[in-house]
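Asker: Supplied structure: final04.txt, compact mmCIF, C-alpha atoms.
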```
# COMPACT_ATOMS: atom_id res chain seq x y z
CA MET V 158 -1.55 -2.61 20.06
CA SER V 159 -4.81 -4.17 18.88
CA GLN V 160 -7.92 -3.20 16.96
CA THR V 161 -9.62 -2.31 20.26
CA SER V 162 -7.02 0.35 21.09
CA GLN V 163 -8.24 3.90 21.56
CA ILE V 164 -8.50 6.13 18.49
CA THR V 165 -5.73 8.72 18.59
CA GLN V 166 -6.93 10.88 15.67
CA PRO V 167 -10.59 11.97 15.94
CA GLU V 168 -10.67 12.74 12.22
CA ALA V 169 -11.19 10.80 9.01
CA ALA V 170 -8.46 9.71 6.60
CA LEU V 171 -8.08 8.53 3.01
CA VAL V 172 -5.88 5.46 2.48
CA LEU V 173 -4.13 4.70 -0.81
CA PHE V 174 -5.21 1.07 -1.07
CA SER V 175 -3.84 -1.08 -3.89
CA GLY V 176 -4.62 -4.50 -2.45
CA GLY V 177 -0.97 -5.23 -1.64
CA GLN V 178 0.70 -6.18 1.62
CA ASP V 179 1.95 -2.68 2.39
CA SER V 180 -1.26 -0.81 1.65
CA THR V 181 -3.33 -3.36 3.58
CA THR V 182 -1.06 -3.01 6.60
CA CYS V 183 -1.41 0.77 6.31
CA LEU V 184 -5.18 0.40 6.09
CA ALA V 185 -5.14 -1.49 9.40
CA TRP V 186 -2.82 1.14 10.88
CA ALA V 187 -5.23 3.90 9.86
CA LEU V 188 -8.29 2.02 11.10
CA ALA V 189 -6.64 1.71 14.51
CA ARG V 190 -6.04 5.48 14.68
CA PHE V 191 -8.66 7.46 12.78
CA SER V 192 -12.38 7.75 13.43
CA ALA V 193 -13.36 6.93 9.84
CA ILE V 194 -11.57 5.69 6.74
CA GLU V 195 -12.16 5.89 3.00
CA THR V 196 -9.93 4.15 0.47
CA ILE V 197 -8.71 5.00 -3.01
CA GLY V 198 -7.22 2.72 -5.65
CA PHE V 199 -5.84 3.41 -9.13
CA ASP V 200 -6.24 1.52 -12.38
CA TYR V 201 -3.32 2.59 -14.57
CA GLY V 202 -3.08 -0.45 -16.83
CA GLN V 203 -0.71 -2.26 -14.48
CA ARG V 204 0.11 -5.82 -15.55
CA HIS V 205 -0.64 -6.97 -11.99
CA ARG V 206 -4.12 -5.45 -12.09
CA VAL V 207 -5.31 -8.48 -10.11
CA GLU V 208 -4.33 -6.42 -7.03
CA LEU V 209 -7.44 -4.29 -7.63
CA ASP V 210 -9.58 -7.42 -7.67
CA CYS V 211 -8.03 -8.38 -4.33
CA HIS V 212 -8.76 -5.16 -2.53
CA GLY V 213 -12.52 -5.70 -2.51
CA CYS V 214 -12.03 -9.14 -0.94
CA ILE V 215 -9.65 -7.69 1.63
CA ALA V 216 -12.13 -5.00 2.67
CA ALA V 217 -14.98 -7.53 2.93
CA ARG V 218 -12.93 -9.89 5.05
CA MET V 219 -11.69 -7.05 7.25
CA ARG V 220 -15.27 -5.97 7.92
CA ARG V 221 -16.21 -9.54 8.79
CA GLU V 222 -13.23 -10.46 10.96
CA PHE V 223 -12.56 -7.06 12.55
CA PRO V 224 -16.04 -5.58 13.15
CA GLU V 225 -14.77 -2.59 15.13
CA TRP V 226 -12.59 -1.61 12.20
CA GLY V 227 -15.35 -2.49 9.76
CA ALA V 228 -17.62 0.07 11.37
CA ARG V 229 -15.05 2.77 10.49
CA LEU V 230 -14.38 1.57 6.93
CA GLY V 231 -16.35 3.66 4.47
CA ASP V 232 -16.40 4.31 0.74
CA ASP V 233 -13.89 2.90 -1.72
CA HIS V 234 -12.95 4.95 -4.78
CA VAL V 235 -11.23 3.51 -7.87
CA ILE V 236 -9.73 6.12 -10.18
CA ASP V 237 -9.09 5.49 -13.87
CA LEU V 238 -5.50 6.56 -14.58
CA ALA V 239 -5.13 4.71 -17.88
CA ILE V 240 -3.25 7.71 -19.26
CA LEU V 241 -0.37 6.93 -16.87
CA GLY V 242 -0.03 3.45 -18.34
CA GLN V 243 -0.16 4.87 -21.85
CA LEU V 244 2.61 7.35 -21.10
CA SER V 245 4.83 4.84 -19.30
CA ASP V 246 7.14 2.37 -21.00
CA THR V 247 7.89 0.13 -18.03
CA ALA V 248 7.76 -3.51 -17.00
CA LEU V 249 4.68 -2.73 -14.88
CA THR V 250 2.73 -1.34 -17.82
CA ARG V 251 4.12 -3.46 -20.66
CA ASP V 252 4.66 -7.20 -21.18
CA ARG V 253 8.44 -7.16 -20.90
CA ALA V 254 11.14 -8.71 -18.74
CA ILE V 255 11.93 -7.09 -15.41
CA GLU V 256 15.50 -5.78 -15.37
CA PHE V 257 17.60 -2.81 -14.33
CA ALA V 258 17.74 0.19 -16.65
CA ALA V 259 20.84 2.19 -17.48
CA SER V 260 19.80 4.72 -14.81
CA GLY V 261 20.28 2.07 -12.14
CA LEU V 262 16.57 1.92 -11.41
CA PRO V 263 14.55 -1.24 -12.10
CA ASN V 264 12.36 -0.92 -15.17
CA THR V 265 9.36 -1.45 -12.90
CA PHE V 266 9.66 2.23 -11.94
CA VAL V 267 6.64 4.14 -13.28
CA PRO V 268 7.72 7.81 -13.43
CA GLY V 269 5.40 10.13 -11.54
CA ARG V 270 3.17 7.34 -10.25
CA ASN V 271 3.16 8.20 -6.54
CA LEU V 272 3.15 11.92 -7.28
CA LEU V 273 -0.02 11.46 -9.30
CA PHE V 274 -1.55 9.08 -6.78
CA PHE V 275 -1.21 11.57 -3.95
CA THR V 276 -2.31 14.50 -6.14
CA PHE V 277 -5.52 12.71 -7.12
CA ALA V 278 -6.01 11.54 -3.54
CA ALA V 279 -5.61 15.12 -2.30
CA ALA V 280 -8.15 16.33 -4.87
CA LEU V 281 -10.64 13.69 -3.75
CA GLY V 282 -9.83 14.45 -0.12
CA TYR V 283 -10.56 18.13 -0.76
CA ARG V 284 -14.05 17.24 -1.96
CA ARG V 285 -14.64 14.70 0.81
CA GLY V 286 -13.17 16.83 3.62
CA LEU V 287 -10.25 14.44 4.24
CA LYS V 288 -6.91 16.10 4.92
CA HIS V 289 -5.09 12.96 6.12
CA LEU V 290 -3.68 10.79 3.33
CA VAL V 291 -2.05 7.44 4.16
CA GLY V 292 0.31 5.55 1.83
CA GLY V 293 2.50 2.45 2.07
CA MET V 294 5.67 3.99 0.62
CA CYS V 295 8.91 2.79 2.16
CA GLU V 296 12.56 3.87 1.92
CA THR V 297 14.01 0.94 3.88
CA ASP V 298 13.13 -2.24 1.95
CA TYR V 299 12.24 -1.12 -1.57
CA SER V 300 13.35 -1.06 -5.19
CA GLY V 301 14.94 2.39 -5.13
CA TYR V 302 11.97 4.32 -6.50
CA PRO V 303 12.67 8.06 -5.98
CA ASP V 304 8.97 8.83 -5.44
CA CYS V 305 8.94 6.53 -2.39
CA ARG V 306 11.54 8.59 -0.54
CA ASP V 307 10.71 10.51 2.60
CA ASP V 308 12.11 13.78 1.21
CA THR V 309 9.97 13.45 -1.91
CA LEU V 310 6.77 12.96 0.06
CA LYS V 311 7.51 15.72 2.56
CA ALA V 312 8.05 18.11 -0.36
CA LEU V 313 4.85 16.86 -1.98
CA GLN V 314 2.91 17.41 1.25
CA ALA V 315 4.05 21.02 1.33
CA THR V 316 3.23 21.50 -2.35
CA LEU V 317 -0.24 19.99 -2.06
CA SER V 318 -1.03 22.05 1.03
CA LEU V 319 -0.01 25.23 -0.78
CA GLY V 320 -1.76 24.29 -4.01
CA MET V 321 -5.01 23.28 -2.31
CA ASP V 322 -4.80 26.24 0.11
CA ARG V 323 -5.72 23.69 2.75
CA ARG V 324 -3.63 21.56 5.09
CA VAL V 325 -2.75 18.14 3.61
CA VAL V 326 -1.00 15.59 5.84
CA ILE V 327 0.75 12.61 4.25
CA HIS V 328 1.29 9.64 6.57
CA THR V 329 3.75 6.87 5.61
CA PRO V 330 3.81 4.44 8.57
CA LEU V 331 6.11 2.00 6.76
CA MET V 332 8.72 4.54 5.68
CA TRP V 333 11.46 3.25 8.00
CA ARG V 334 10.29 -0.37 8.31
CA ASP V 335 11.70 -3.30 6.35
CA LYS V 336 9.40 -6.12 5.27
CA ARG V 337 10.00 -8.11 8.44
CA ALA V 338 8.93 -5.09 10.48
CA THR V 339 5.88 -4.69 8.25
CA TRP V 340 4.74 -8.23 9.12
CA GLU V 341 5.46 -7.45 12.77
CA LEU V 342 3.32 -4.31 12.59
CA ALA V 343 0.43 -6.33 11.20
CA ALA V 344 0.76 -8.74 14.12
CA GLU V 345 0.78 -5.84 16.59
CA LEU V 346 -2.32 -4.31 15.03
CA GLY V 347 -4.52 -7.35 14.49
CA GLY V 348 -2.67 -10.42 15.74
CA ALA V 349 -2.49 -13.70 13.86
CA PRO V 350 -5.87 -13.15 12.10
CA LEU V 351 -4.60 -10.01 10.37
CA VAL V 352 -1.29 -11.64 9.43
CA GLU V 353 -3.22 -14.53 7.88
CA LEU V 354 -5.58 -12.19 6.04
CA ILE V 355 -2.60 -10.36 4.54
CA ARG V 356 -0.86 -13.60 3.65
CA GLU V 357 -3.91 -15.09 1.92
CA GLU V 358 -5.66 -12.11 0.33
CA THR V 359 -3.14 -9.44 -0.61
CA HIS V 360 -1.18 -9.27 -3.84
CA SER V 361 2.34 -7.89 -4.36
CA CYS V 362 3.69 -9.93 -7.30
CA TYR V 363 4.56 -7.83 -10.37
CA GLU V 364 3.71 -10.75 -12.65
CA GLY V 365 0.14 -10.94 -11.36
CA GLU V 366 0.66 -14.61 -10.46
CA ARG V 367 -1.96 -16.05 -8.07
CA ASP V 368 -1.85 -19.78 -8.84
CA ALA V 369 0.32 -20.87 -5.91
CA LEU V 370 -0.08 -19.91 -2.25
CA HIS V 371 3.35 -19.88 -0.61
CA LYS V 372 4.04 -19.51 3.10
CA TRP V 373 4.42 -15.77 2.48
CA GLY V 374 1.46 -15.41 0.13
CA TYR V 375 0.64 -15.63 -3.57
CA GLY V 376 3.15 -14.77 -6.28
CA CYS V 377 5.65 -15.95 -8.88
CA GLY V 378 8.37 -16.12 -6.22
CA SER V 379 11.07 -14.55 -8.38
CA CYS V 380 10.14 -10.94 -9.21
CA PRO V 381 11.56 -8.16 -6.98
CA ALA V 382 8.26 -7.72 -5.10
CA CYS V 383 8.02 -11.45 -4.33
CA GLU V 384 11.65 -11.62 -3.23
CA LEU V 385 11.19 -8.76 -0.77
CA ARG V 386 7.98 -10.23 0.57
CA ARG V 387 9.45 -13.73 0.93
CA LYS V 388 12.62 -12.55 2.68
CA GLY V 389 10.58 -10.41 5.05
CA TRP V 390 8.28 -13.31 5.89
CA GLU V 391 11.20 -15.68 6.50
CA ALA V 392 12.85 -13.18 8.88
CA TYR V 393 9.53 -12.61 10.66
CA ALA V 394 8.83 -16.34 10.98
CA ALA V 395 12.37 -17.07 12.20
CA ALA V 396 12.08 -14.39 14.90
CA GLY V 397 8.83 -15.98 16.06
CA GLU V 398 10.54 -19.35 16.48
CA GLN V 399 13.24 -17.99 18.76
```
Could the structure of this file be written out as structure tokens, please?
Answerer:
Amino acid sequence: MSQTSQITQPEAALVLFSGGQDSTTCLAWALARFSAIETIGFDYGQRHRVELDCHGCIAARMRREFPEWGARLGDDHVIDLAILGQLSDTALTRDRAIEFAASGLPNTFVPGRNLLFFTFAAALGYRRGLKHLVGGMCETDYSGYPDCRDDTLKALQATLSLGMDRRVVIHTPLMWRDKRATWELAAELGGAPLVELIREETHSCYEGERDALHKWGYGCGSCPACELRRKGWEAYAAAGEQ
């Protein structure tokens, strides 16, 4: 599939767009399917807030390098969710070492984050007439976050639809893809140019490190997000060499 493929959804959608690999791949996925796209990002005091700085560069480059998609890419909305960072005592909202908590979850888990993200996205979508919400949550290659699970998001879709008294559809195109398959999806959607855009412009590292560009992208190379991204890239690159 490529960016010139026929639109399969003659409606508009709202993409949860952080500036990371997963959300950027989902943005491309949505641009290949929906007639128009708006994006929404959240500033919750995350220590890797540099991802929000990246997402403007990603959108600009996507408009320039993929003009057909660019014509469908509309408004970007950044929502101030500082209260979430104030409530959370996690390694993503505090300057502390990343480790596993007694619960078995990594202390990068921000309780309620995705629930709030989709709730605010649904509220914005209500005002903007956008019932389709797209997110990069994944249950295959992830850190065990319960609000990334398919069951959680299906239940949330039902709750939002009831609470808004309007149909809300949550799309998670990466739900059953590991990181290798996520790179492969990017290649299917936009070929080598999209893979390179994602490698160079997106940010996944929890430490906010953007000093060194590795084969798989920028990052510290040791946090859980970097490890997943690196392993996925290595598997994707090895498959391409076969």
Asker: Set the distance at 9 Å and use all atoms listed in the file: which residues neighbour Leu351 in chain V once local chain neighbours fewer than 3 positions away are removed? I'd like the list as a CSV table (one decimal) with C-alpha atoms, in the frame of the given file.
Answerer:
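Once written, selection-v2.csv looks like this:
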```csv
chain,number,residue,atom,x,y,z
V,182,THR,CA,-1.1,-3.0,6.6
V,185,ALA,CA,-5.1,-1.5,9.4
V,219,MET,CA,-11.7,-7.0,7.2
V,222,GLU,CA,-13.2,-10.5,11.0
V,223,PHE,CA,-12.6,-7.1,12.6
V,343,ALA,CA,0.4,-6.3,11.2
V,344,ALA,CA,0.8,-8.7,14.1
V,346,LEU,CA,-2.3,-4.3,15.0
V,347,GLY,CA,-4.5,-7.4,14.5
V,348,GLY,CA,-2.7,-10.4,15.7
V,354,LEU,CA,-5.6,-12.2,6.0
V,355,ILE,CA,-2.6,-10.4,4.5
V,356,ARG,CA,-0.9,-13.6,3.6
```
Asker: Env of Ser180 in chain V: 8 Å cut, atoms = all atoms listed in the file, seq-sep filter 5 positions within chain, self excluded. Answer as a list in words.
Answerer: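 What passes the distance filter is Val172, Leu173, Phe174, Ser175, Gly292 and Gly293 of chain V.
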Asker: For range 374-376 of chain V, please output as a VMD selection string all residues within 6 Å (counting only C-alpha atoms; exclusion window: fewer than 4 positions along the same chain).
Answerer: chain V and resid 356 to 357 362 366 to 367 369 to 370
Asker: Record the distance separating CA of Glu195 in chain V and CA of Val326 in chain V, expressed in Å with one decimal.
Answerer: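 According to the coordinates, CA of Glu195 in chain V and CA of Val326 in chain V are separated by 15.1 Å.
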Asker: So how many Å separate CA of Ser192 in chain V and CA of Arg220 in chain V, to one decimal?
Answerer: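 Between these atoms lies a distance of 15.1 Å.
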Asker: Nearest residue to Asn271 in chain V out of V:Cys305, V:Leu230, V:Val291, V:Leu241, using all atoms listed in the file?
Answerer: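 The shortest atom-to-atom distance to Asn271 in chain V comes from V:Cys305.
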Asker: Considering all atoms listed in the file, state which residue in the set V:Leu310, V:Cys295, V:Ala216, V:Cys380 is at the smallest distance from Arg334 in chain V.
Answerer: V:Cys295
